[in-house]
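Enquirer: A single structure is presented below for examination.
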Amino acid sequence: MRPGRKRELVAQTCSEWDVSIRRACRVLEFDTSTYHYKSRRRDQAGIEARIKDICATRVRYGYRRVHVMLKREGWDVNMKRTYRIYRDLGLQLRNKTPKRRVKAKLREDRAAAVGPNDVWAMDFVHDQLATGKKIRVLTVVDTFSRYVPVLDPRFSYRGEDVVRTLEQVCPRLGYPKTIRVDQGSEFISRDLDLWAYANGVTLDFSRPGKPTDNAYIEAFNGRFRAECLNAHWFLTLADAAEKMEGWRRYYNEERPHGAIGHKPPISLVNPDGVTSPPS
């Protein structure tokens, strides 16, 4: 029986039978020190409400990322308490990801990025507007800082469109040394090949049927879909571009990233604290 329930029975016995607390506790086999114990736990209504607010806004946040947000805001809470409250509120994520029975063979000739603009990864994500019209989004991520230079939705993409998008971004952020891409027709096009040659950029192609060769962009695309595409309703292409740009800025400047010490990617691009690269 719960101590709270026993405490209620002791109080009820004392009032109905007019006996002392000690005698009632002895009859009910309940320790008197437990009966008189006063909880020292701090009131957690405030932190519970804040955790609910964070999870309501950022529906794909686990307790670790919620904990980082709380610490940023000045809450005096440790990881275990955050997890306990997060669990008690029933906010755990349910990820139904299939188990991999075969380990992916990594490409041994690739070296890890050593700084910003060393290696970028690039891919496409598909979605649709409220009208049902299909759109394609060009996603690009810096594999060192996890910074996202651009998210560009269009109804269709050709090689020259990829070049046009990159030329809008690279002059202000700098040209990467390498861009990892798959074997899509837009990436093997003559336009992108000529652009890469002219700007000293190496195109590193994944092996056909091996998405793990470009794991950084695959992981980012999963977060992008869960936190942005699945969370918004796009009315027009302009509406989609505006909402994606808002999420991109949040991802770069505020969202804690576990792989870089729960810092936002902008902190690795601009260590001096500038919130955004010069435009």
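Residues are referred to by chain and number: the chain letter is A, B, ... according to the order shown in the structure tokens, the number counts from 1 in that chain, and ligands are numbered separately from 1 in the order shown.
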So that I can see what lies close to Asn214 of chain A, please list as a VMD selection string the residues with an atom at most 12 Å from it, counting only C-alpha atoms and leaving out residues fewer than 2 positions away in the same chain.

Expert: chain A and resid 104 106 to 107 110 119 to 123 140 to 143 179 to 183 204 to 212 216 to 221

Enquirer: Which parts of segment 58-184 of chain A does DSSP call helix (DSSP H, G or I) when run on the backbone here, written out as JSON, numbers by chain?

Expert: {"A": [63, 64, 65, 66, 67, 68, 69, 70, 71, 72, 79, 80, 81, 82, 83, 84, 85, 86, 87, 88, 159, 160, 161, 162, 163, 164, 165, 166, 167, 168, 169, 170, 171, 172, 173]}

Enquirer: Just the residues within 9 Å of Val10 of chain A, please, counting only C-alpha atoms, with nothing from its chain fewer than 5 positions along; format it as a list in words.

Expert: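 With the cut-off at 9 Å, the set is Arg5, Ser15, Ile21, Ala24, Cys25, Leu28, Phe30 and Tyr35 of chain A.
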
Enquirer: So which residues touch Gly115 of chain A within 12 Å, counting only C-alpha atoms, skipping near sequence neighbours fewer than 4 positions away, as number ranges by chain?

Expert: A: 111, 119-120, 142-147, 176-178, 268-270

Enquirer: Please, what distance in Å, to one decimal, runs between atom CA of Leu194 of chain A and atom CA of Val125 of chain A?

Expert: 24.1 Å

Enquirer: For a test of reading the model, state the distance in Å between atom CA of Cys228 of chain A and atom CA of Arg60 of chain A, rounded to one decimal.

Expert: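 Interatomic distance, atom CA of Cys228 of chain A to atom CA of Arg60 of chain A: 9.9 Å.
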
Enquirer: Quick one: distance from atom CA of Lys243 of chain A to atom CA of Asp161 of chain A in Å, one decimal?

Expert: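 Rounded to one decimal, the two atoms are 20.7 Å apart.
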
Enquirer: For Glu245 of chain A, which residue among A:Asn78, A:Ser185, A:Gln92, A:Thr139 is the nearest when counting only C-alpha atoms?

Expert: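 Of A:Asn78, A:Ser185, A:Gln92, A:Thr139, the one nearest Glu245 of chain A is A:Thr139, counting only C-alpha atoms.
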
Enquirer: Nearest residue to Tyr61 of chain A out of A:Lys6, A:Leu91, A:Leu192, A:Thr202, using only C-alpha atoms?

Expert: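 Under the stated criterion, the closest residue is A:Leu91.
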
Enquirer: Taking only C-alpha atoms into account, which of A:Arg249, A:Arg58, A:His67, A:His232 comes nearest Leu129 of chain A?

Expert: A:His232

Enquirer: Might you pull out every residue within 10 Å of Gly159 of chain A, with only C-alpha atoms counted and same-chain residues fewer than 4 positions away left off, and present them as a list of chain:residue names?

Expert: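 Residues near the query, excluding close chain neighbours: A:Val163, A:Arg164, A:Gly184, A:Ser185, A:Glu186, A:Phe187, A:Ile188, A:Ser189, A:Arg190, A:Asp191, A:Leu192, A:Asp193.
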
Enquirer: Please, could you write that set of residues out with C-alpha atoms as a short mmCIF file (atom, residue, chain, number, x, y, z; two decimals), in the first residue's frame?

Expert:
data_model
loop_
_atom_site.label_atom_id
_atom_site.label_comp_id
_atom_site.auth_asym_id
_atom_site.auth_seq_id
_atom_site.Cartn_x
_atom_site.Cartn_y
_atom_site.Cartn_z
CA VAL A 163 24.37 25.71 -60.09
CA ARG A 164 22.20 28.82 -59.81
CA GLY A 184 21.18 11.81 -59.52
CA SER A 185 20.85 13.29 -62.99
CA GLU A 186 21.09 16.86 -61.61
CA PHE A 187 24.42 16.11 -59.93
CA ILE A 188 26.08 14.29 -62.83
CA SER A 189 25.03 17.01 -65.26
CA ARG A 190 27.49 18.89 -67.44
CA ASP A 191 26.44 22.21 -65.85
CA LEU A 192 27.39 21.18 -62.31
CA ASP A 193 30.59 19.50 -63.53
#

Enquirer: Would you mind listing what lies within 12 Å of Arg84 of chain A as a VMD selection string, with only C-alpha atoms counted and same-chain residues fewer than 4 positions away left out?

Expert: chain A and resid 44 47 to 48 51 63 to 64 67 77 to 80 88 to 92

Enquirer: May I have the residues from that selection written out with N, CA and C atoms, as a CSV table (one decimal), in the first residue's frame?

Expert:
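Result file is out-v9.csv:
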chain,number,residue,atom,x,y,z
A,44,GLN,N,7.7,21.5,-8.8
A,44,GLN,CA,8.2,21.4,-10.2
A,44,GLN,C,7.1,21.7,-11.2
A,47,ILE,N,8.7,24.0,-14.0
A,47,ILE,CA,9.6,23.3,-15.0
A,47,ILE,C,8.8,22.3,-15.8
A,48,GLU,N,7.8,21.7,-15.2
A,48,GLU,CA,6.9,20.8,-16.0
A,48,GLU,C,6.2,21.6,-17.1
A,51,ILE,N,8.8,22.4,-19.9
A,51,ILE,CA,9.1,21.2,-20.7
A,51,ILE,C,8.0,20.9,-21.7
A,63,TYR,N,14.7,14.2,-24.6
A,63,TYR,CA,14.9,14.8,-23.3
A,63,TYR,C,16.3,15.4,-23.2
A,64,ARG,N,17.3,14.9,-23.9
A,64,ARG,CA,18.6,15.5,-23.9
A,64,ARG,C,18.6,16.9,-24.5
A,67,HIS,N,16.8,19.2,-22.2
A,67,HIS,CA,17.7,19.6,-21.1
A,67,HIS,C,18.6,20.7,-21.5
A,77,VAL,N,18.6,22.5,-13.0
A,77,VAL,CA,18.1,21.1,-13.2
A,77,VAL,C,19.2,20.3,-13.8
A,78,ASN,N,19.3,19.0,-13.3
A,78,ASN,CA,20.2,18.1,-13.8
A,78,ASN,C,19.5,17.2,-14.8
A,79,MET,N,20.3,16.4,-15.6
A,79,MET,CA,19.8,15.6,-16.6
A,79,MET,C,18.8,14.5,-16.1
A,80,LYS,N,19.1,13.9,-15.0
A,80,LYS,CA,18.2,12.9,-14.4
A,80,LYS,C,16.9,13.4,-14.1
A,88,ASP,N,7.7,11.1,-17.0
A,88,ASP,CA,6.4,11.1,-16.2
A,88,ASP,C,5.3,11.9,-17.0
A,89,LEU,N,5.7,12.8,-17.8
A,89,LEU,CA,4.7,13.6,-18.6
A,89,LEU,C,4.3,12.8,-19.9
A,90,GLY,N,5.0,11.7,-20.1
A,90,GLY,CA,4.6,10.8,-21.3
A,90,GLY,C,5.0,11.5,-22.6
A,91,LEU,N,6.2,12.1,-22.6
A,91,LEU,CA,6.6,12.8,-23.8
A,91,LEU,C,7.6,12.1,-24.6
A,92,GLN,N,7.9,10.8,-24.3
A,92,GLN,CA,8.9,10.0,-25.0
A,92,GLN,C,8.5,9.9,-26.5
